[in-house]
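Participant: Pasting work-v2.json here (JSON, C-alpha atoms):
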[["chain", "number", "residue", "atom", "x", "y", "z"],
["A", 1, "PRO", "CA", -144.76, -23.05, -62.92],
["A", 2, "VAL", "CA", -144.25, -19.84, -64.90],
["A", 3, "GLU", "CA", -140.60, -19.73, -64.00],
["A", 4, "GLU", "CA", -139.91, -23.09, -65.63],
["A", 5, "ALA", "CA", -142.04, -22.60, -68.72],
["A", 6, "GLY", "CA", -140.83, -19.14, -69.60],
["A", 7, "ALA", "CA", -137.22, -19.02, -68.48],
["A", 8, "PRO", "CA", -134.55, -19.14, -71.22],
["A", 9, "GLU", "CA", -132.75, -22.45, -71.36],
["A", 10, "ALA", "CA", -129.06, -22.73, -70.58],
["A", 11, "GLY", "CA", -126.97, -22.18, -73.65],
["A", 12, "ALA", "CA", -129.85, -20.63, -75.61],
["A", 13, "PRO", "CA", -128.70, -18.20, -78.34],
["A", 14, "GLU", "CA", -128.76, -14.52, -77.49],
["A", 15, "ALA", "CA", -131.15, -12.08, -79.11],
["A", 16, "GLY", "CA", -128.51, -11.00, -81.59],
["A", 17, "ALA", "CA", -128.32, -14.40, -83.25],
["A", 18, "PRO", "CA", -130.29, -14.84, -86.53],
["A", 19, "ASP", "CA", -132.12, -17.87, -85.14],
["A", 20, "ALA", "CA", -132.72, -16.30, -81.71],
["A", 21, "GLY", "CA", -136.45, -16.88, -81.85],
["A", 22, "ALA", "CA", -136.31, -20.51, -82.96],
["A", 23, "PRO", "CA", -137.63, -23.21, -80.59],
["A", 24, "GLU", "CA", -134.88, -24.88, -78.59],
["A", 25, "ALA", "CA", -134.18, -28.58, -78.70],
["A", 26, "GLY", "CA", -135.04, -30.48, -75.56],
["A", 27, "ALA", "CA", -138.31, -28.68, -74.81],
["A", 28, "PRO", "CA", -140.81, -30.78, -72.84],
["A", 29, "GLU", "CA", -142.92, -33.24, -74.81],
["A", 30, "GLY", "CA", -146.36, -31.88, -75.55],
["A", 31, "ALA", "CA", -145.25, -28.24, -75.46],
["A", 32, "GLY", "CA", -147.11, -25.92, -77.76],
["A", 33, "VAL", "CA", -149.88, -28.33, -78.69],
["A", 34, "GLY", "CA", -152.75, -25.90, -78.27],
["A", 35, "ARG", "CA", -156.18, -26.61, -76.84],
["A", 36, "GLY", "CA", -156.25, -30.17, -78.08],
["A", 37, "GLY", "CA", -153.19, -31.20, -76.04],
["A", 38, "GLU", "CA", -153.21, -32.98, -72.72],
["A", 39, "GLN", "CA", -150.86, -30.67, -70.82],
["A", 40, "ALA", "CA", -152.27, -27.96, -68.55],
["A", 41, "THR", "CA", -152.06, -24.38, -69.74],
["A", 42, "LEU", "CA", -149.87, -21.90, -67.94],
["A", 43, "PRO", "CA", -151.38, -20.19, -64.87],
["A", 44, "THR", "CA", -152.68, -17.13, -66.71],
["A", 45, "ARG", "CA", -153.35, -15.06, -63.59],
["A", 46, "ALA", "CA", -149.83, -15.59, -62.31],
["A", 47, "LEU", "CA", -148.40, -14.62, -65.69],
["A", 48, "SER", "CA", -150.57, -11.49, -65.81],
["A", 49, "ALA", "CA", -149.03, -10.40, -62.52],
["A", 50, "VAL", "CA", -145.56, -10.16, -64.07],
["A", 51, "LEU", "CA", -146.64, -8.49, -67.31],
["A", 52, "PRO", "CA", -146.07, -4.92, -66.01],
["A", 53, "ALA", "CA", -142.46, -5.79, -65.21],
["A", 54, "MET", "CA", -142.05, -7.33, -68.66],
["A", 55, "CYS", "CA", -143.48, -4.18, -70.25],
["A", 56, "ALA", "CA", -140.93, -2.11, -68.36],
["A", 57, "ALA", "CA", -138.19, -4.47, -69.55],
["A", 58, "CYS", "CA", -139.26, -3.98, -73.17],
["A", 59, "ASP", "CA", -139.36, -0.23, -72.70],
["A", 60, "THR", "CA", -135.65, -0.22, -71.86],
["A", 61, "GLN", "CA", -134.94, -1.10, -75.52],
["A", 62, "VAL", "CA", -131.82, -2.94, -74.29],
["A", 63, "LEU", "CA", -131.15, -5.82, -76.69],
["A", 64, "LYS", "CA", -130.35, -8.56, -74.18],
["A", 65, "ILE", "CA", -133.23, -7.63, -71.87],
["A", 66, "VAL", "CA", -135.74, -7.44, -74.70],
["A", 67, "GLY", "CA", -134.47, -10.76, -76.07],
["A", 68, "VAL", "CA", -135.25, -12.50, -72.78],
["A", 69, "VAL", "CA", -138.79, -11.06, -72.72],
["A", 70, "LEU", "CA", -139.50, -12.05, -76.32],
["A", 71, "GLN", "CA", -138.23, -15.57, -75.73],
["A", 72, "PHE", "CA", -140.36, -15.85, -72.59],
["A", 73, "LEU", "CA", -143.50, -14.69, -74.40],
["A", 74, "TYR", "CA", -142.87, -17.09, -77.27],
["A", 75, "HIS", "CA", -142.63, -20.03, -74.88],
["A", 76, "ALA", "CA", -145.63, -18.84, -72.85],
["A", 77, "ILE", "CA", -147.92, -18.67, -75.89],
["A", 78, "SER", "CA", -146.50, -21.95, -77.23],
["A", 79, "PHE", "CA", -147.38, -23.65, -73.96],
["A", 80, "GLY", "CA", -150.98, -22.50, -74.27],
["A", 81, "VAL", "CA", -151.29, -19.36, -72.15],
["A", 82, "GLU", "CA", -154.78, -17.93, -72.56],
["A", 83, "GLY", "CA", -155.20, -14.27, -73.43],
["A", 84, "SER", "CA", -157.10, -11.90, -75.66],
["A", 85, "VAL", "CA", -156.26, -8.44, -76.94],
["A", 86, "SER", "CA", -158.56, -6.27, -79.00],
["A", 87, "THR", "CA", -158.46, -2.68, -77.81],
["A", 88, "ILE", "CA", -155.17, -0.83, -77.49],
["A", 89, "SER", "CA", -156.61, 2.69, -77.36],
["A", 90, "LYS", "CA", -157.66, 4.07, -73.98],
["A", 91, "LYS", "CA", -160.36, 6.10, -75.67],
["A", 92, "GLU", "CA", -161.87, 2.94, -77.16],
["A", 93, "ALA", "CA", -161.49, 1.12, -73.85],
["A", 94, "GLY", "CA", -163.74, 3.63, -72.07],
["A", 95, "GLU", "CA", -167.48, 3.21, -71.96],
["A", 96, "GLU", "CA", -169.21, 4.65, -74.99],
["A", 97, "GLY", "CA", -170.46, 8.15, -74.30],
["A", 98, "ALA", "CA", -168.79, 8.32, -70.90],
["A", 99, "GLY", "CA", -166.24, 10.86, -72.08],
["A", 100, "GLU", "CA", -163.51, 9.19, -70.05],
["A", 101, "GLN", "CA", -160.51, 7.12, -70.97],
["A", 102, "GLY", "CA", -160.80, 3.47, -70.12],
["A", 103, "THR", "CA", -158.23, 1.16, -68.61],
["A", 104, "LEU", "CA", -156.25, -1.10, -70.92],
["A", 105, "SER", "CA", -155.61, -4.72, -70.02],
["A", 106, "GLU", "CA", -152.16, -5.99, -69.07],
["A", 107, "TRP", "CA", -151.95, -7.85, -72.36],
["A", 108, "ALA", "CA", -152.79, -4.68, -74.30],
["A", 109, "HIS", "CA", -149.92, -2.86, -72.61],
["A", 110, "MET", "CA", -147.67, -5.88, -73.23],
["A", 111, "LEU", "CA", -148.50, -5.93, -76.95],
["A", 112, "GLN", "CA", -147.83, -2.21, -77.27],
["A", 113, "SER", "CA", -144.46, -2.52, -75.52],
["A", 114, "VAL", "CA", -143.46, -5.53, -77.63],
["A", 115, "CYS", "CA", -144.37, -3.83, -80.90],
["A", 116, "LYS", "CA", -142.21, -0.84, -80.00],
["A", 117, "CYS", "CA", -139.21, -3.18, -80.04],
["A", 118, "PHE", "CA", -139.11, -3.03, -83.85],
["A", 119, "ASP", "CA", -137.03, 0.12, -83.33],
["A", 120, "ILE", "CA", -134.13, -2.06, -82.12],
["A", 121, "ALA", "CA", -131.85, -2.33, -85.14],
["A", 122, "ASP", "CA", -130.80, -5.95, -84.68],
["A", 123, "ASP", "CA", -131.51, -8.84, -87.06],
["A", 124, "GLY", "CA", -131.98, -11.43, -84.34],
["A", 125, "ALA", "CA", -134.34, -9.22, -82.31],
["A", 126, "GLU", "CA", -136.42, -8.58, -85.43],
["A", 127, "ILE", "CA", -136.80, -12.30, -86.09],
["A", 128, "GLN", "CA", -137.71, -12.94, -82.45],
["A", 129, "LEU", "CA", -140.30, -10.17, -82.51],
["A", 130, "LEU", "CA", -141.85, -11.50, -85.72],
["A", 131, "LYS", "CA", -142.09, -15.00, -84.24],
["A", 132, "VAL", "CA", -143.92, -13.71, -81.14],
["A", 133, "LEU", "CA", -146.32, -11.57, -83.17],
["A", 134, "LEU", "CA", -147.21, -14.30, -85.66],
["A", 135, "LEU", "CA", -147.58, -16.91, -82.92],
["A", 136, "ALA", "CA", -149.97, -14.60, -81.06],
["A", 137, "VAL", "CA", -152.15, -14.36, -84.18],
["A", 138, "VAL", "CA", -152.24, -18.06, -85.09],
["A", 139, "SER", "CA", -152.35, -19.47, -81.54],
["A", 140, "PRO", "CA", -155.48, -21.49, -80.61],
["A", 141, "THR", "CA", -155.44, -20.11, -77.04],
["A", 142, "PHE", "CA", -154.28, -16.52, -77.47],
["A", 143, "HIS", "CA", -156.52, -14.20, -79.49],
["A", 144, "VAL", "CA", -155.67, -10.93, -81.23],
["A", 145, "HIS", "CA", -158.49, -8.89, -82.75],
["A", 146, "GLY", "CA", -159.43, -5.38, -83.86],
["A", 147, "GLU", "CA", -156.95, -2.61, -83.13],
["A", 148, "ALA", "CA", -154.46, -5.08, -81.71],
["A", 149, "LEU", "CA", -154.43, -7.12, -84.93],
["A", 150, "LEU", "CA", -153.88, -3.96, -86.95],
["A", 151, "LEU", "CA", -150.96, -3.06, -84.69],
["A", 152, "VAL", "CA", -149.39, -6.50, -85.23],
["A", 153, "ILE", "CA", -149.71, -6.23, -89.02],
["A", 154, "ARG", "CA", -148.41, -2.67, -89.00],
["A", 155, "THR", "CA", -145.39, -3.69, -86.94],
["A", 156, "CYS", "CA", -144.55, -6.48, -89.38],
["A", 157, "TYR", "CA", -144.87, -3.96, -92.21],
["A", 158, "ASN", "CA", -142.59, -1.48, -90.41],
["A", 159, "ILE", "CA", -139.95, -4.18, -90.02],
["A", 160, "TYR", "CA", -140.29, -5.07, -93.70],
["A", 161, "LEU", "CA", -139.76, -1.46, -94.73],
["A", 162, "GLY", "CA", -137.11, -0.45, -92.23],
["A", 163, "THR", "CA", -134.86, -3.47, -91.73],
["A", 164, "ARG", "CA", -131.37, -3.67, -93.14],
["A", 165, "SER", "CA", -131.55, -7.46, -93.24],
["A", 166, "GLU", "CA", -132.78, -9.32, -96.31],
["A", 167, "LEU", "CA", -133.78, -12.22, -94.08],
["A", 168, "SER", "CA", -135.84, -10.03, -91.75],
["A", 169, "ALA", "CA", -137.57, -8.46, -94.75],
["A", 170, "ALA", "CA", -138.44, -11.87, -96.21],
["A", 171, "VAL", "CA", -139.69, -13.15, -92.86],
["A", 172, "ALA", "CA", -141.72, -10.00, -92.16],
["A", 173, "LYS", "CA", -143.41, -10.30, -95.55],
["A", 174, "ALA", "CA", -144.18, -13.97, -94.95],
["A", 175, "ALA", "CA", -145.48, -13.24, -91.44],
["A", 176, "MET", "CA", -147.90, -10.61, -92.77],
["A", 177, "LYS", "CA", -149.22, -12.98, -95.39],
["A", 178, "GLN", "CA", -149.59, -15.88, -92.96],
["A", 179, "GLY", "CA", -151.26, -13.73, -90.31],
["A", 180, "LEU", "CA", -153.86, -12.37, -92.71],
["A", 181, "SER", "CA", -154.39, -15.81, -94.23],
["A", 182, "CYS", "CA", -155.09, -17.21, -90.74],
["A", 183, "VAL", "CA", -157.66, -14.49, -90.06],
["A", 184, "PHE", "CA", -159.55, -15.20, -93.28],
["A", 185, "GLN", "CA", -159.40, -18.98, -92.76],
["A", 186, "ARG", "CA", -161.04, -18.53, -89.37],
["A", 187, "VAL", "CA", -163.67, -16.19, -90.78],
["A", 188, "GLU", "CA", -164.49, -18.88, -93.34],
["A", 189, "GLY", "CA", -165.07, -21.46, -90.61],
["A", 190, "LEU", "CA", -161.74, -23.02, -89.62],
["A", 191, "PRO", "CA", -162.49, -25.07, -86.46],
["A", 192, "VAL", "CA", -160.93, -23.98, -83.17],
["A", 193, "GLY", "CA", -157.79, -25.98, -82.40],
["A", 194, "VAL", "CA", -157.04, -26.81, -86.03],
["A", 195, "SER", "CA", -153.89, -25.27, -87.46],
["A", 196, "PRO", "CA", -154.38, -22.75, -90.27],
["A", 197, "GLN", "CA", -152.88, -23.87, -93.54],
["A", 198, "VAL", "CA", -149.25, -22.86, -93.76],
["A", 199, "LEU", "CA", -148.62, -20.77, -96.85],
["A", 200, "GLN", "CA", -146.26, -22.18, -99.46],
["A", 201, "LEU", "CA", -144.02, -19.34, -100.55],
["A", 202, "ASP", "CA", -142.86, -18.93, -104.14],
["A", 203, "GLY", "CA", -139.15, -19.28, -104.84],
["A", 204, "VAL", "CA", -138.27, -21.59, -101.93],
["A", 205, "ASP", "CA", -136.03, -23.69, -104.20],
["A", 206, "ARG", "CA", -134.30, -20.64, -105.68],
["A", 207, "ASP", "CA", -133.91, -18.08, -102.91],
["A", 208, "PRO", "CA", -132.31, -19.07, -99.57],
["A", 209, "MET", "CA", -134.04, -16.15, -97.85],
["A", 210, "VAL", "CA", -137.43, -17.37, -98.98],
["A", 211, "LYS", "CA", -136.50, -20.87, -97.85],
["A", 212, "GLN", "CA", -135.71, -19.62, -94.35],
["A", 213, "ALA", "CA", -138.95, -17.62, -94.32],
["A", 214, "GLN", "CA", -140.82, -20.83, -95.18],
["A", 215, "GLU", "CA", -139.09, -22.64, -92.32],
["A", 216, "PHE", "CA", -140.04, -19.74, -90.05],
["A", 217, "LEU", "CA", -143.74, -20.17, -90.88],
["A", 218, "GLN", "CA", -143.56, -23.91, -90.28],
["A", 219, "ALA", "CA", -141.75, -23.42, -86.97],
["A", 220, "VAL", "CA", -144.42, -21.07, -85.66],
["A", 221, "ALA", "CA", -147.23, -23.40, -86.76],
["A", 222, "THR", "CA", -145.51, -26.32, -85.09],
["A", 223, "SER", "CA", -145.03, -24.38, -81.86],
["A", 224, "ALA", "CA", -148.72, -23.50, -81.76],
["A", 225, "TYR", "CA", -150.32, -26.76, -82.91],
["A", 226, "GLY", "CA", -147.74, -29.52, -83.02],
["A", 227, "GLU", "CA", -146.61, -31.64, -85.94],
["A", 228, "GLY", "CA", -150.10, -33.02, -86.56],
["A", 229, "GLY", "CA", -151.73, -29.63, -86.84],
["A", 230, "ARG", "CA", -154.48, -30.56, -84.38],
["A", 231, "GLY", "CA", -152.65, -30.28, -81.10],
["A", 232, "GLU", "CA", -151.81, -33.95, -80.74],
["A", 233, "GLY", "CA", -148.51, -35.40, -79.52],
["A", 234, "ALA", "CA", -146.05, -32.77, -80.72],
["A", 235, "GLN", "CA", -142.83, -31.51, -79.27],
["A", 236, "LEU", "CA", -140.90, -28.34, -79.97],
["A", 237, "ALA", "CA", -137.74, -30.35, -80.47],
["A", 238, "GLY", "CA", -139.07, -31.48, -83.83],
["A", 239, "ALA", "CA", -139.91, -28.01, -85.05],
["A", 240, "VAL", "CA", -138.35, -26.73, -88.25],
["A", 241, "GLY", "CA", -136.84, -23.30, -88.31],
["A", 242, "GLY", "CA", -133.70, -23.32, -86.23],
["A", 243, "GLY", "CA", -131.73, -22.72, -89.40],
["A", 244, "GLU", "CA", -128.31, -21.25, -89.47]]
Taking this structure as input, can you express it in the form of structure tokens?
Facilitator:
Amino acid sequence: PVEEAGAPEAGAPEAGAPDAGAPEAGAPEGAGVGRGGEQATLPTRALSAVLPAMCAACDTQVLKIVGVVLQFLYHAISFGVEGSVSTISKKEAGEEGAGEQGTLSEWAHMLQSVCKCFDIADDGAEIQLLKVLLLAVVSPTFHVHGEALLLVIRTCYNIYLGTRSELSAAVAKAAMKQGLSCVFQRVEGLPVGVSPQVLQLDGVDRDPMVKQAQEFLQAVATSAYGEGGRGEGAQLAGAVGGGE
């Protein structure tokens, strides 16, 4: 059920904590294993029905409310919810030559609302937002293309430029690199359901911020594909990235 898969766990860190977006220990076995896993994906239609409410929650820009939404979306995509976002402009969504604005999908509205959350000046919220955005790009079941992909990259860049946190800046930079690397790997023929290669950042052994950014990338990859990288027998409890 959506309520069980997406609801924050008891005792989970609030959005203001630096590791707010990290996977929690004790998540069900097989969670986040992508298309190759044995578990059923979330009921996408049921989830789509609550997206307008989640958009409204993001629009409040209230830290605790936004934190719950970001955590829910991270779990939903990890558990294999299916979705696709390409167009985020109503003009582009309309029929060519019709001269009318088209209707955006629920996921397009959701992505727009989520990306606006970069305005919240909180380190934990920034990390959570970056985790959701990168997971959406690398996920084997959720697809981000075109305008939507540009919006994701631009949001990561805005966080990199505007954050007051060295950790958020390092993670945003790593997320941009990993997201673009994933796109090019798929263009070059990476099979569906196989995890993109996780980038190895320079300076991991010298800079603690870079080290945490590296753990962030590994955590997102593990959430999407599992430890084996092919969606086989993974669990979120073994993910790296819940650093202090």
Participant: As an exercise, work out the distance from atom CA of Thr155 of chain A to atom CA of Ala172 of chain A in Å and give it to one decimal place.
Facilitator: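 Atom CA of Ala172 of chain A lies 9.0 Å from atom CA of Thr155 of chain A.
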Participant: Determine the nearest neighbour of Gln112 of chain A from the options A:Pro52, A:Gly203, A:Gly124, A:Gly179, counting all atoms listed in the file.
Facilitator: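 So, comparing all the options, the nearest one is A:Pro52.
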Participant: To one decimal place, how far is atom CA of Ser86 of chain A from atom CA of Leu134 of chain A in Å?
Facilitator: 15.4 Å
Participant: Between atom CA of Val62 of chain A and atom CA of Val81 of chain A, measure the distance and give it in Å to one decimal.
Facilitator: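 Going from atom CA of Val62 of chain A over to atom CA of Val81 of chain A covers 25.6 Å.
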Participant: Please identify all polymer residues within 8 Å of Ile77 of chain A, counting all atoms listed in the file, omitting same-chain residues fewer than 6 positions from it, and present them as a PyMOL selection string.
Facilitator: chain A and resi 32+135-136+139+141-142+224
Participant: Rank A:Cys117, A:Gln185, A:Val171, A:Gly83 by their smallest atom-to-atom distance to His143 of chain A, using all atoms listed in the file, and report the top residue only.
Facilitator: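 Using all atoms listed in the file, the shortest distance to His143 of chain A belongs to A:Gly83.
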Participant: Pull the neighbourhood of (-144.5, -1.7, -74.7) for me: all residues within 10 Å in file coordinates, counting all atoms listed in the file, as a list of chain:residue names.
Facilitator: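 Neighbouring residues, ordered by chain and number, come to A:Pro52, A:Met54, A:Cys55, A:Ala56, A:Ala57, A:Cys58, A:Asp59, A:Thr60, A:Gln61, A:Trp107, A:Ala108, A:His109, A:Met110, A:Leu111, A:Gln112, A:Ser113, A:Val114, A:Cys115, A:Lys116, A:Cys117.
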Participant: Considering all atoms listed in the file, can you say which of A:Leu70, A:Val144, A:Leu150, A:Ala53 comes closest to Ile127 of chain A?
Facilitator: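 Smallest distance to Ile127 of chain A is found for A:Leu70.
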Participant: Using only C-alpha atoms, which of A:Leu201, A:Ile159, A:Ala148, A:Ile153 sits nearest Glu126 of chain A?
Facilitator: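 Among the listed residues, A:Ile159 lies closest to Glu126 of chain A.
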